[in-house]
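S.K.: The structure under discussion is supplied below as structure tokens; questions concerning it will follow.
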Amino acid sequence: MARSVEPLVVGRVIGDVLDIFTPAAELTVHYSTKQVHNGCDIKPSSAADKPHVRILSPVVSSSLYTLVMVDPDAPTPSEPRLREWLHWIVVDIPEGHDATKGREMVPYMGPQPPTGIHRYILVLFKQERATEGGCQLPDARANFSTRQFAAQNSLGLPVAAVYFNSQKEPAVKKR
């Protein structure tokens, strides 16, 4: 059911962005017909629109979840001084449903890597309760901290995460 965290360790997602956790939910992410698997490559143009994100857990309940998407390699993997760049936050996602059923707190921004191969990480947290009026949001997308956001909003450790790689597409040459 739950995925292993080993690919997240190998991809340095655990360490750079997340602490070690035990997966407790299934997070499926699709850009059009392509399913995101840890470490797969997705072109920025293929990820320009919001992905289809579905949450399943072993116990059917009325649980709610928060989804966070970040790029820890901004602006470049060799000098990630803007780490982490925030791409998306959705709260109050009902279990068994798509992220569109939640409340988008930070609008989706597709990958726009200027140079190098960037990791784009989607992290899922189980909420203790509905956010009601909202949650503590960052002032800017740059220098976001997934760990700090989780702590400020009493989210605890993640229950699932998946990441993909993306790099700038070559420009189309005009004749």
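As shown in the structure tokens, the chain order sets the letters A, B, ...; within each chain, residues go from 1, and ligands are also counted from 1 in the order they appear.
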Quick one: everything within 9 Å of Val70 of chain A, counting only C-alpha atoms, minus sequence neighbours fewer than 2 positions away in the same chain. Send it as an mmCIF file with C-alpha atoms, in the first residue's frame.
M.R.:
```cif
data_model
loop_
_atom_site.group_PDB
_atom_site.id
_atom_site.type_symbol
_atom_site.label_atom_id
_atom_site.label_comp_id
_atom_site.auth_asym_id
_atom_site.auth_seq_id
_atom_site.Cartn_x
_atom_site.Cartn_y
_atom_site.Cartn_z
ATOM 1 C CA VAL A 17 13.176 19.057 2.606
ATOM 2 C CA VAL A 68 2.457 21.186 -0.377
ATOM 3 C CA PRO A 72 14.340 22.748 -3.230
ATOM 4 C CA ARG A 83 15.420 26.875 -1.252
ATOM 5 C CA GLU A 84 12.573 25.970 -1.051
ATOM 6 C CA TRP A 85 10.516 27.636 -3.791
ATOM 7 C CA LEU A 86 6.822 27.183 -3.013
ATOM 8 C CA HIS A 87 4.684 25.986 -5.932
ATOM 9 C CA TRP A 88 1.352 25.046 -4.342
ATOM 10 C CA ARG A 119 13.323 18.255 -8.032
ATOM 11 C CA TYR A 120 9.630 19.034 -7.549
ATOM 12 C CA ILE A 121 8.282 17.503 -4.365
ATOM 13 C CA LEU A 122 4.636 16.952 -3.469
ATOM 14 C CA VAL A 123 4.202 16.344 0.258
ATOM 15 C CA PHE A 144 9.727 28.566 2.053
ATOM 16 C CA SER A 145 10.305 25.806 4.607
ATOM 17 C CA THR A 146 8.069 22.738 4.456
#
```
S.K.: Could you give me, as a list in words, the residues within 10 Å of Gly110 of chain A, counting only C-alpha atoms and dropping anything in the same chain fewer than 3 positions from it?
M.R.: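 Surrounding residues, per the criterion: Pro44, Ser45, Ser46, Ala47, Ala48, Asp49, Lys50, Pro51, Met69, His87, Trp88, Pro107, Pro113 and Tyr120 of chain A.
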S.K.: Just write the chosen residues, C-alpha atoms, as a PDB file, in the first residue's frame.
M.R.:
```
ATOM      1  CA  PRO A  44       7.851  21.823 -17.625  1.00  0.00           C
ATOM      2  CA  SER A  45       5.366  22.144 -20.499  1.00  0.00           C
ATOM      3  CA  SER A  46       3.726  18.866 -19.419  1.00  0.00           C
ATOM      4  CA  ALA A  47       3.386  20.150 -15.858  1.00  0.00           C
ATOM      5  CA  ALA A  48       2.164  23.660 -16.646  1.00  0.00           C
ATOM      6  CA  ASP A  49      -1.364  22.845 -15.438  1.00  0.00           C
ATOM      7  CA  LYS A  50      -2.307  21.509 -12.007  1.00  0.00           C
ATOM      8  CA  PRO A  51      -1.849  17.781 -11.640  1.00  0.00           C
ATOM      9  CA  MET A  69       4.574  21.347  -3.554  1.00  0.00           C
ATOM     10  CA  HIS A  87       4.684  25.986  -5.932  1.00  0.00           C
ATOM     11  CA  TRP A  88       1.352  25.046  -4.342  1.00  0.00           C
ATOM     12  CA  PRO A 107      -2.181  29.020  -6.383  1.00  0.00           C
ATOM     13  CA  PRO A 113      13.622  25.593 -13.889  1.00  0.00           C
ATOM     14  CA  TYR A 120       9.630  19.034  -7.549  1.00  0.00           C
TER      15      TYR A 120
END
```
S.K.: Given the choices A:Cys40, A:Ala24, A:Pro111, A:Val53, which gets closest to Asp98 of chain A if the distance is worked out from only C-alpha atoms?
M.R.: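 Using only C-alpha atoms, the shortest distance to Asp98 of chain A belongs to A:Val53.
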S.K.: With only C-alpha atoms as the counted atoms, please give the residues lying no more than 12 Å from Thr115 of chain A, apart from itself and same-chain residues fewer than 2 positions off, as a VMD selection string.
M.R.: chain A and resid 73 to 80 111 to 113 117 to 119 166 to 170
S.K.: Take the residues from that selection and write them out as a short mmCIF file (atom, residue, chain, number, x, y, z; two decimals), in the first residue's frame, keeping all heavy atoms.
M.R.:
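This went into selection_24.cif:
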```
data_model
loop_
_atom_site.label_atom_id
_atom_site.label_comp_id
_atom_site.auth_asym_id
_atom_site.auth_seq_id
_atom_site.Cartn_x
_atom_site.Cartn_y
_atom_site.Cartn_z
N ASP A 73 15.56 23.23 -5.29
CA ASP A 73 16.75 23.50 -6.09
C ASP A 73 16.75 24.87 -6.75
O ASP A 73 17.41 25.08 -7.77
CB ASP A 73 16.90 22.40 -7.15
CG ASP A 73 17.00 21.02 -6.53
OD1 ASP A 73 17.73 20.87 -5.53
OD2 ASP A 73 16.33 20.10 -7.01
N ALA A 74 16.01 25.82 -6.19
CA ALA A 74 15.91 27.14 -6.80
C ALA A 74 17.00 28.08 -6.26
O ALA A 74 17.27 28.07 -5.07
CB ALA A 74 14.52 27.74 -6.52
N PRO A 75 17.60 28.89 -7.11
CA PRO A 75 17.38 28.96 -8.54
C PRO A 75 18.18 27.91 -9.33
O PRO A 75 17.83 27.59 -10.45
CB PRO A 75 17.84 30.36 -8.91
CG PRO A 75 18.94 30.64 -7.93
CD PRO A 75 18.51 29.94 -6.65
N THR A 76 19.26 27.37 -8.72
CA THR A 76 20.02 26.31 -9.39
C THR A 76 20.33 25.21 -8.39
O THR A 76 20.51 25.50 -7.20
CB THR A 76 21.35 26.83 -9.98
OG1 THR A 76 22.24 27.17 -8.93
CG2 THR A 76 21.14 28.03 -10.90
N PRO A 77 20.43 23.98 -8.84
CA PRO A 77 20.76 22.88 -7.92
C PRO A 77 22.11 23.07 -7.21
O PRO A 77 22.26 22.67 -6.07
CB PRO A 77 20.77 21.65 -8.81
CG PRO A 77 19.88 22.00 -9.96
CD PRO A 77 20.10 23.47 -10.18
N SER A 78 23.06 23.71 -7.89
CA SER A 78 24.38 23.91 -7.28
C SER A 78 24.40 25.07 -6.28
O SER A 78 25.24 25.10 -5.39
CB SER A 78 25.45 24.12 -8.35
OG SER A 78 25.14 25.25 -9.13
N GLU A 79 23.47 26.01 -6.42
CA GLU A 79 23.36 27.14 -5.49
C GLU A 79 21.89 27.40 -5.17
O GLU A 79 21.29 28.37 -5.66
CB GLU A 79 23.99 28.40 -6.09
CG GLU A 79 25.50 28.32 -6.21
CD GLU A 79 26.10 29.63 -6.69
OE1 GLU A 79 25.60 30.70 -6.31
OE2 GLU A 79 27.07 29.55 -7.46
N PRO A 80 21.29 26.55 -4.33
CA PRO A 80 19.85 26.68 -4.03
C PRO A 80 19.54 27.74 -2.97
O PRO A 80 18.91 27.47 -1.96
CB PRO A 80 19.48 25.28 -3.56
CG PRO A 80 20.73 24.79 -2.90
CD PRO A 80 21.86 25.37 -3.70
N PRO A 111 6.41 24.01 -12.94
CA PRO A 111 7.87 24.08 -12.95
C PRO A 111 8.39 25.06 -13.99
O PRO A 111 7.89 25.11 -15.11
CB PRO A 111 8.28 22.65 -13.32
CG PRO A 111 7.11 21.80 -12.98
CD PRO A 111 5.90 22.66 -13.20
N GLN A 112 9.40 25.84 -13.58
CA GLN A 112 10.05 26.78 -14.48
C GLN A 112 11.55 26.80 -14.17
O GLN A 112 12.11 27.85 -13.85
CB GLN A 112 9.46 28.18 -14.31
CG GLN A 112 7.99 28.25 -14.61
CD GLN A 112 7.36 29.57 -14.19
OE1 GLN A 112 7.98 30.42 -13.56
NE2 GLN A 112 6.11 29.74 -14.54
N PRO A 113 12.20 25.64 -14.26
CA PRO A 113 13.62 25.59 -13.89
C PRO A 113 14.48 26.40 -14.86
O PRO A 113 14.45 26.15 -16.06
CB PRO A 113 13.95 24.10 -13.95
CG PRO A 113 12.96 23.53 -14.90
CD PRO A 113 11.72 24.35 -14.74
N ILE A 117 18.85 20.37 -13.39
CA ILE A 117 17.73 19.47 -13.11
C ILE A 117 17.19 19.80 -11.73
O ILE A 117 17.93 19.74 -10.74
CB ILE A 117 18.17 17.99 -13.19
CG1 ILE A 117 18.68 17.68 -14.60
CG2 ILE A 117 17.03 17.07 -12.80
CD1 ILE A 117 19.35 16.32 -14.73
N HIS A 118 15.92 20.15 -11.66
CA HIS A 118 15.27 20.50 -10.40
C HIS A 118 14.36 19.37 -9.95
O HIS A 118 13.73 18.70 -10.77
CB HIS A 118 14.43 21.78 -10.56
CG HIS A 118 15.25 23.01 -10.72
ND1 HIS A 118 15.14 24.09 -9.88
CD2 HIS A 118 16.21 23.34 -11.62
CE1 HIS A 118 15.99 25.04 -10.25
NE2 HIS A 118 16.64 24.60 -11.31
N ARG A 119 14.26 19.21 -8.62
CA ARG A 119 13.32 18.25 -8.03
C ARG A 119 12.05 19.02 -7.64
O ARG A 119 12.14 20.09 -7.04
CB ARG A 119 13.92 17.61 -6.78
CG ARG A 119 15.15 16.77 -7.05
CD ARG A 119 15.87 16.44 -5.76
NE ARG A 119 16.46 17.67 -5.22
CZ ARG A 119 16.90 17.81 -3.98
NH1 ARG A 119 16.81 16.83 -3.12
NH2 ARG A 119 17.42 18.96 -3.58
N SER A 166 12.69 17.87 -13.31
CA SER A 166 12.34 18.65 -14.48
C SER A 166 13.49 19.58 -14.81
O SER A 166 14.19 20.05 -13.91
CB SER A 166 11.07 19.45 -14.21
OG SER A 166 10.51 19.95 -15.39
N GLN A 167 13.69 19.81 -16.09
CA GLN A 167 14.72 20.76 -16.50
C GLN A 167 14.20 21.59 -17.66
O GLN A 167 13.26 21.22 -18.35
CB GLN A 167 16.02 20.06 -16.86
CG GLN A 167 15.94 19.08 -17.99
CD GLN A 167 17.26 18.35 -18.20
OE1 GLN A 167 18.32 18.95 -18.13
NE2 GLN A 167 17.19 17.06 -18.45
N LYS A 168 14.84 22.75 -17.84
CA LYS A 168 14.42 23.68 -18.89
C LYS A 168 14.43 22.97 -20.24
O LYS A 168 15.37 22.26 -20.58
CB LYS A 168 15.37 24.88 -18.91
CG LYS A 168 14.94 25.97 -19.85
CD LYS A 168 15.83 27.18 -19.72
CE LYS A 168 15.31 28.30 -20.57
NZ LYS A 168 16.02 29.55 -20.27
N GLU A 169 13.35 23.20 -20.98
CA GLU A 169 13.25 22.60 -22.31
C GLU A 169 14.01 23.47 -23.32
O GLU A 169 14.03 24.69 -23.20
CB GLU A 169 11.76 22.51 -22.71
CG GLU A 169 11.00 21.55 -21.82
CD GLU A 169 9.52 21.52 -22.15
OE1 GLU A 169 9.16 20.91 -23.17
OE2 GLU A 169 8.74 22.08 -21.37
N PRO A 170 14.62 22.82 -24.30
CA PRO A 170 15.32 23.59 -25.33
C PRO A 170 14.35 24.49 -26.08
O PRO A 170 13.22 24.11 -26.32
CB PRO A 170 15.93 22.55 -26.26
CG PRO A 170 15.49 21.21 -25.75
CD PRO A 170 14.66 21.40 -24.52
#
```
